[in-house]
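Raw input_39.cif, mmCIF, C-alpha atoms:
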data_work
#
loop_
_atom_site.label_atom_id
_atom_site.label_comp_id
_atom_site.auth_asym_id
_atom_site.auth_seq_id
_atom_site.Cartn_x
_atom_site.Cartn_y
_atom_site.Cartn_z
CA MET B 1 277.60 116.26 150.99
CA ILE B 2 276.10 117.99 147.97
CA CYS B 3 272.74 119.78 148.11
CA GLY B 4 271.11 120.56 144.78
CA ALA B 5 272.91 117.63 143.17
CA GLY B 6 270.40 117.41 140.34
CA GLY B 7 271.37 120.80 138.88
CA GLN B 8 274.21 121.55 136.49
CA LEU B 9 276.60 122.75 139.20
CA GLY B 10 275.70 119.95 141.57
CA GLN B 11 276.41 117.38 138.88
CA LYS B 12 279.75 119.00 138.13
CA ILE B 13 280.72 118.91 141.81
CA ILE B 14 279.89 115.20 141.86
CA GLY B 15 282.05 114.68 138.78
CA ALA B 16 284.98 116.61 140.23
CA ALA B 17 284.77 114.83 143.58
CA ARG B 18 284.70 111.40 141.94
CA GLY B 19 288.24 112.02 140.76
CA LEU B 20 289.48 112.26 144.36
CA GLU B 21 290.52 108.98 145.95
CA ASP B 22 289.93 109.95 149.57
CA VAL B 23 286.41 111.34 149.17
CA ARG B 24 283.02 109.76 149.83
CA ILE B 25 280.14 111.52 148.10
CA PHE B 26 276.60 111.93 149.40
CA ALA B 27 274.61 113.72 146.71
CA TYR B 28 271.02 114.86 147.23
CA ASN B 29 268.68 116.33 144.66
CA ARG B 30 265.64 118.29 145.73
CA SER B 31 263.35 115.26 145.95
CA ALA B 32 265.77 113.67 148.43
CA LEU B 33 266.71 116.82 150.34
CA ASP B 34 264.73 120.05 150.38
CA ILE B 35 266.95 122.46 152.31
CA THR B 36 263.87 124.41 153.44
CA LYS B 37 262.65 121.36 155.41
CA PRO B 38 264.31 120.66 158.80
CA ALA B 39 263.27 116.97 158.70
CA ASP B 40 265.06 116.50 155.36
CA LEU B 41 268.18 118.16 156.73
CA ARG B 42 268.21 115.99 159.86
CA ALA B 43 267.87 112.81 157.81
CA ALA B 44 270.60 113.79 155.34
CA PHE B 45 273.08 114.78 158.04
CA ALA B 46 272.38 111.55 159.93
CA GLU B 47 273.06 109.51 156.81
CA ALA B 48 276.03 111.41 155.34
CA LYS B 49 277.83 112.57 158.49
CA PRO B 50 279.76 114.95 156.20
CA ASP B 51 282.95 116.90 156.74
CA VAL B 52 281.85 119.58 154.29
CA CYS B 53 278.60 120.51 152.57
CA PHE B 54 278.36 122.14 149.13
CA ASN B 55 275.15 124.13 148.70
CA ALA B 56 274.31 124.14 145.01
CA ALA B 57 270.58 124.39 145.77
CA ALA B 58 269.05 127.71 144.75
CA TYR B 59 266.08 129.41 143.14
CA THR B 60 267.63 130.72 139.92
CA PHE B 61 264.65 131.76 137.78
CA VAL B 62 265.70 135.40 137.67
CA ASP B 63 262.68 136.83 135.86
CA ARG B 64 260.08 134.56 137.44
CA ALA B 65 261.34 135.65 140.86
CA GLU B 66 259.84 139.10 140.30
CA ALA B 67 256.39 137.47 140.43
CA GLU B 68 257.35 134.80 143.00
CA PRO B 69 259.40 136.67 145.62
CA GLU B 70 258.37 134.41 148.51
CA LYS B 71 259.25 131.22 146.65
CA CYS B 72 262.60 132.71 145.75
CA ARG B 73 263.28 133.84 149.30
CA LEU B 74 262.23 130.49 150.75
CA VAL B 75 265.13 128.72 149.04
CA ASN B 76 267.78 131.43 148.71
CA VAL B 77 267.41 132.85 152.21
CA GLU B 78 265.47 130.58 154.55
CA GLY B 79 266.84 127.36 153.07
CA ALA B 80 270.38 128.71 153.10
CA GLN B 81 269.92 129.78 156.73
CA ARG B 82 268.68 126.35 157.83
CA LEU B 83 271.49 124.56 156.02
CA ALA B 84 274.19 126.86 157.41
CA ALA B 85 272.83 126.52 160.93
CA ALA B 86 272.72 122.73 160.59
CA CYS B 87 276.33 122.69 159.36
CA GLN B 88 277.46 124.90 162.24
CA GLU B 89 275.67 122.72 164.80
CA ALA B 90 277.25 119.56 163.35
CA ASN B 91 280.70 121.18 163.01
CA VAL B 92 280.55 120.74 159.23
CA GLY B 93 282.16 123.10 156.73
CA ILE B 94 279.96 124.77 154.13
CA VAL B 95 280.52 126.13 150.62
CA HIS B 96 277.68 128.37 149.50
CA PHE B 97 277.39 129.64 145.92
CA SER B 98 276.27 133.18 145.10
CA THR B 99 276.14 135.48 142.09
CA ASP B 100 277.61 138.52 140.37
CA TYR B 101 274.12 140.05 140.59
CA VAL B 102 274.73 141.05 144.23
CA TYR B 103 277.14 143.85 143.28
CA ASP B 104 276.22 147.50 143.07
CA GLU B 105 276.46 149.26 139.72
CA GLY B 106 278.80 151.99 138.55
CA TYR B 107 282.06 150.06 138.33
CA ASP B 108 284.16 150.01 135.16
CA ARG B 109 286.78 147.53 136.41
CA PRO B 110 286.58 143.91 137.54
CA LEU B 111 284.59 143.58 140.76
CA ARG B 112 286.41 142.66 143.96
CA GLU B 113 284.97 140.78 146.91
CA ASP B 114 284.91 143.91 149.08
CA ASP B 115 283.16 146.14 146.54
CA ARG B 116 279.71 147.58 147.25
CA THR B 117 276.74 145.22 147.11
CA LEU B 118 273.14 146.17 146.47
CA GLY B 119 270.87 143.75 144.61
CA THR B 120 268.59 145.36 142.03
CA SER B 121 266.19 142.43 141.52
CA VAL B 122 264.33 139.98 143.74
CA TYR B 123 266.79 137.24 142.83
CA ALA B 124 269.80 139.46 143.54
CA ARG B 125 268.43 140.65 146.88
CA THR B 126 267.68 137.12 148.06
CA LYS B 127 271.14 135.90 147.06
CA LEU B 128 272.75 138.80 148.92
CA GLU B 129 270.59 138.18 151.99
CA GLY B 130 271.44 134.50 151.69
CA GLU B 131 275.17 135.28 151.75
CA ASN B 132 274.78 137.40 154.87
CA ILE B 133 272.66 134.89 156.71
CA VAL B 134 275.02 132.01 155.90
CA MET B 135 277.95 133.99 157.28
CA LYS B 136 275.92 134.94 160.35
CA HIS B 137 275.05 131.34 161.18
CA HIS B 138 278.37 129.85 160.01
CA PRO B 139 281.25 132.40 160.27
CA GLU B 140 283.70 129.84 158.79
CA ALA B 141 281.70 129.48 155.57
CA TYR B 142 283.05 129.84 152.05
CA ILE B 143 280.92 132.05 149.79
CA ILE B 144 281.74 131.77 146.08
CA ARG B 145 280.28 134.44 143.80
CA THR B 146 280.17 133.41 140.17
CA SER B 147 278.66 134.50 136.85
CA TRP B 148 277.05 133.20 133.66
CA VAL B 149 277.33 129.54 134.67
CA TYR B 150 276.75 126.86 132.05
CA ALA B 151 277.40 123.17 131.40
CA GLU B 152 276.65 120.64 128.69
CA TYR B 153 273.37 119.80 130.48
CA GLY B 154 270.78 121.69 132.49
CA HIS B 155 269.12 125.04 131.80
CA ASN B 156 271.69 127.61 130.68
CA PHE B 157 272.56 130.09 127.94
CA VAL B 158 274.75 127.68 125.98
CA ARG B 159 272.09 125.01 125.65
CA THR B 160 269.43 127.62 124.87
CA MET B 161 271.56 129.09 122.08
CA LEU B 162 272.25 125.65 120.60
CA ARG B 163 268.53 124.88 120.56
CA LEU B 164 267.46 128.24 119.13
CA GLY B 165 270.35 128.28 116.68
CA ASN B 166 269.09 125.05 115.16
CA GLU B 167 265.52 126.35 115.00
CA ARG B 168 266.10 129.84 113.58
CA ASP B 169 268.19 131.60 110.97
CA GLN B 170 268.88 134.71 113.07
CA LEU B 171 268.85 135.71 116.74
CA SER B 172 269.02 139.13 118.39
CA ILE B 173 271.29 139.08 121.45
CA VAL B 174 272.11 141.82 123.97
CA ASN B 175 275.51 143.40 123.37
CA ASP B 176 275.77 145.94 126.22
CA GLN B 177 275.82 143.57 129.21
CA ILE B 178 279.41 142.55 129.94
CA GLY B 179 280.51 139.65 132.10
CA SER B 180 282.52 136.43 132.23
CA PRO B 181 281.07 133.02 131.32
CA THR B 182 281.83 130.25 133.81
CA TYR B 183 282.03 126.57 132.91
CA GLY B 184 280.46 124.57 135.74
CA ALA B 185 283.30 122.04 135.70
CA ASP B 186 285.87 124.77 136.40
CA LEU B 187 283.74 126.26 139.17
CA ALA B 188 283.31 122.86 140.81
CA ALA B 189 287.03 122.12 140.66
CA ALA B 190 287.88 125.52 142.17
CA ALA B 191 285.36 125.06 145.00
CA LEU B 192 286.77 121.65 145.90
CA ALA B 193 290.34 122.96 145.76
CA LEU B 194 289.45 125.87 148.04
CA VAL B 195 288.28 123.44 150.72
CA ARG B 196 291.06 120.89 150.29
CA LYS B 197 293.72 123.59 150.52
CA LYS B 198 292.10 124.83 153.75
CA ALA B 199 291.87 128.38 152.46
CA THR B 200 290.81 131.17 154.78
CA PRO B 201 286.99 131.21 154.98
CA GLY B 202 285.16 134.15 153.47
CA ILE B 203 283.94 135.48 150.11
CA TYR B 204 285.65 134.53 146.85
CA ASN B 205 284.90 135.42 143.23
CA PHE B 206 285.25 132.79 140.52
CA SER B 207 284.63 132.89 136.78
CA ASN B 208 286.60 131.94 133.73
CA ALA B 209 289.17 134.50 132.62
CA ASP B 210 288.53 137.51 130.35
CA HIS B 211 285.11 138.87 129.46
CA CYS B 212 282.57 139.33 126.70
CA SER B 213 278.98 140.40 126.02
CA TRP B 214 276.08 137.99 125.65
CA TYR B 215 276.29 138.74 121.91
CA ASP B 216 279.97 137.74 121.85
CA PHE B 217 279.18 134.64 123.86
CA ALA B 218 276.43 133.58 121.44
CA LYS B 219 278.69 134.14 118.42
CA ALA B 220 281.39 131.99 120.02
CA ILE B 221 278.89 129.21 120.73
CA PHE B 222 277.80 129.13 117.11
CA GLU B 223 281.32 129.40 115.71
CA ILE B 224 282.72 126.59 117.86
CA SER B 225 279.71 124.29 117.43
CA GLY B 226 279.43 124.94 113.70
CA THR B 227 275.84 126.16 114.04
CA GLU B 228 274.72 128.30 111.12
CA CYS B 229 272.76 131.11 112.72
CA ALA B 230 273.28 134.84 112.28
CA VAL B 231 273.54 136.95 115.43
CA LYS B 232 272.33 140.54 115.58
CA PRO B 233 273.51 142.83 118.42
CA ILE B 234 270.83 144.74 120.35
CA THR B 235 270.75 146.87 123.50
CA THR B 236 269.27 146.00 126.88
CA GLU B 237 266.66 148.67 126.21
CA GLN B 238 265.57 146.76 123.11
CA TYR B 239 265.16 143.55 125.12
CA PRO B 240 263.31 144.44 128.34
CA THR B 241 263.01 141.76 131.03
CA PRO B 242 261.06 141.67 134.31
CA ALA B 243 264.30 141.57 136.34
CA LYS B 244 267.06 144.12 135.89
CA ARG B 245 270.42 142.70 134.81
CA PRO B 246 273.83 144.24 135.60
CA LEU B 247 275.42 146.01 132.64
CA TYR B 248 278.91 145.27 133.91
CA SER B 249 279.67 142.38 136.26
CA VAL B 250 283.14 141.13 135.35
CA LEU B 251 284.61 139.47 138.44
CA ASP B 252 288.11 140.01 139.79
CA THR B 253 289.29 136.45 140.52
CA SER B 254 292.80 137.27 141.77
CA LYS B 255 291.95 136.27 145.37
CA ILE B 256 290.94 132.71 144.54
CA ALA B 257 293.59 132.46 141.80
CA GLY B 258 296.26 132.91 144.45
CA ILE B 259 295.01 129.72 146.10
CA VAL B 260 293.74 127.38 143.38
CA GLY B 261 295.44 128.82 140.29
CA LYS B 262 294.39 131.27 137.59
CA PRO B 263 291.12 130.37 135.83
CA ARG B 264 291.44 129.52 132.15
CA ASN B 265 290.07 131.67 129.35
CA TRP B 266 286.29 131.46 128.94
CA ARG B 267 286.49 130.51 125.27
CA VAL B 268 288.90 127.64 125.96
CA ALA B 269 286.48 126.32 128.61
CA LEU B 270 283.56 126.74 126.21
CA GLU B 271 285.35 124.67 123.58
CA GLU B 272 285.72 121.83 126.07
CA CYS B 273 282.06 122.01 127.04
CA LEU B 274 280.80 122.04 123.47
CA GLY B 275 282.98 119.04 122.71
CA LYS B 276 280.83 117.09 125.19
CA VAL B 277 277.42 118.20 123.92
#
Please rewrite the model in this file as structure tokens.
Amino acid sequence: MICGAGGQLGQKIIGAARGLEDVRIFAYNRSALDITKPADLRAAFAEAKPDVCFNAAAYTFVDRAEAEPEKCRLVNVEGAQRLAAACQEANVGIVHFSTDYVYDEGYDRPLREDDRTLGTSVYARTKLEGENIVMKHHPEAYIIRTSWVYAEYGHNFVRTMLRLGNERDQLSIVNDQIGSPTYGADLAAAALALVRKKATPGIYNFSNADHCSWYDFAKAIFEISGTECAVKPITTEQYPTPAKRPLYSVLDTSKIAGIVGKPRNWRVALEECLGKV
């Protein structure tokens, strides 16, 4: 059972699950299943009777969340709580997706699952609270923290760069925020593998391997796609946003790699994605 099936990650989970012979898929977008509504949850569980539920439903408008904290919390906390509790009551496994934004700052090495968490924006705080409440209501849950997710569809950095790169001759992109891009297809495959291999429940980090800045990421998008657009590096201070972003949020993926295999390099994954655009 997939919640948030209309989003980029939800669609990638559907695609990955379709390749498995012994799997039946029940996919619900928000119009079919609003995880904040108990009646929707009851109807979906009655129809799907799932063994496992993947929660790809989330409020992800990071900057807008600063002005809409209650809307953000409704989905990321209250919705996650209701879904986790419903899964626990029905004896259904749950995979809940979270974010690199939950980590505290001050690290200069890849972030491990047991490192300090804080949450320096409304979005980050609700995702962290959502993690905690899912684990409280469903102690056997899988929590997957990820970063810089993109796909060949949906709202993401890759598609934004392709659009702007075709509209403008030059873009200024932040060069002092460091992280790891994550192709939604790779994240979906890892999440499914985690469940099918019956890994120990708990928190796992997943992103593609190696790291870059948003500036490096944009340059790679243009180089691989053949888009002629110059990229100028700027600092975070030169590009203020309502929500604070982490300056360093590279994820240590060794825990999940030991179970599902080492993630591939982010640029290799990007090449595959851009070949489908």
Q.
Using Å and a single decimal, report how far atom CA of Ile143 of chain B sits from atom CA of Gly258 of chain B.
A.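 Separating atom CA of Gly258 of chain B from atom CA of Ile143 of chain B is a distance of 16.3 Å.
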Q: Given the file shown, determine the residues that the PyMOL selection byres ((chain B and resi 223-234) around 6) selects; report them as a VMD selection string.
A: chain B and resid 165 169 to 175 220 to 222 235
Q: Determine, counting all atoms listed in the file, which protein, DNA and RNA residues have an atom within 10 Å of an atom of Val149 of chain B; residues of the same chain fewer than 3 positions away are not included. Present the result as a list of chain:residue names.
A: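 Here the answer would be B:Gln8, B:Leu9, B:Thr99, B:Thr146, B:His155, B:Asn156, B:Phe157, B:Val158, B:Ser180, B:Pro181, B:Thr182, B:Tyr183, B:Gly184, B:Ala185, B:Asp186, B:Leu187, B:Ser207, B:Asn208.
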Q | Length of the atom CA of Ala209 of chain B to atom CA of Trp266 of chain B vector [Å] | A | 5.6 Å
Q: Go ahead and find all residues with at least one atom no further than 12 Å from (264.8, 113.6, 143.5) in the file's coordinates, using all atoms listed in the file; report them as a list in words.
A: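 Collected hits near the coordinates: Cys3, Gly4, Ala5, Gly6, Gly7, Ala27, Tyr28, Asn29, Arg30, Ser31, Ala32, Leu33 and Asp34 of chain B.
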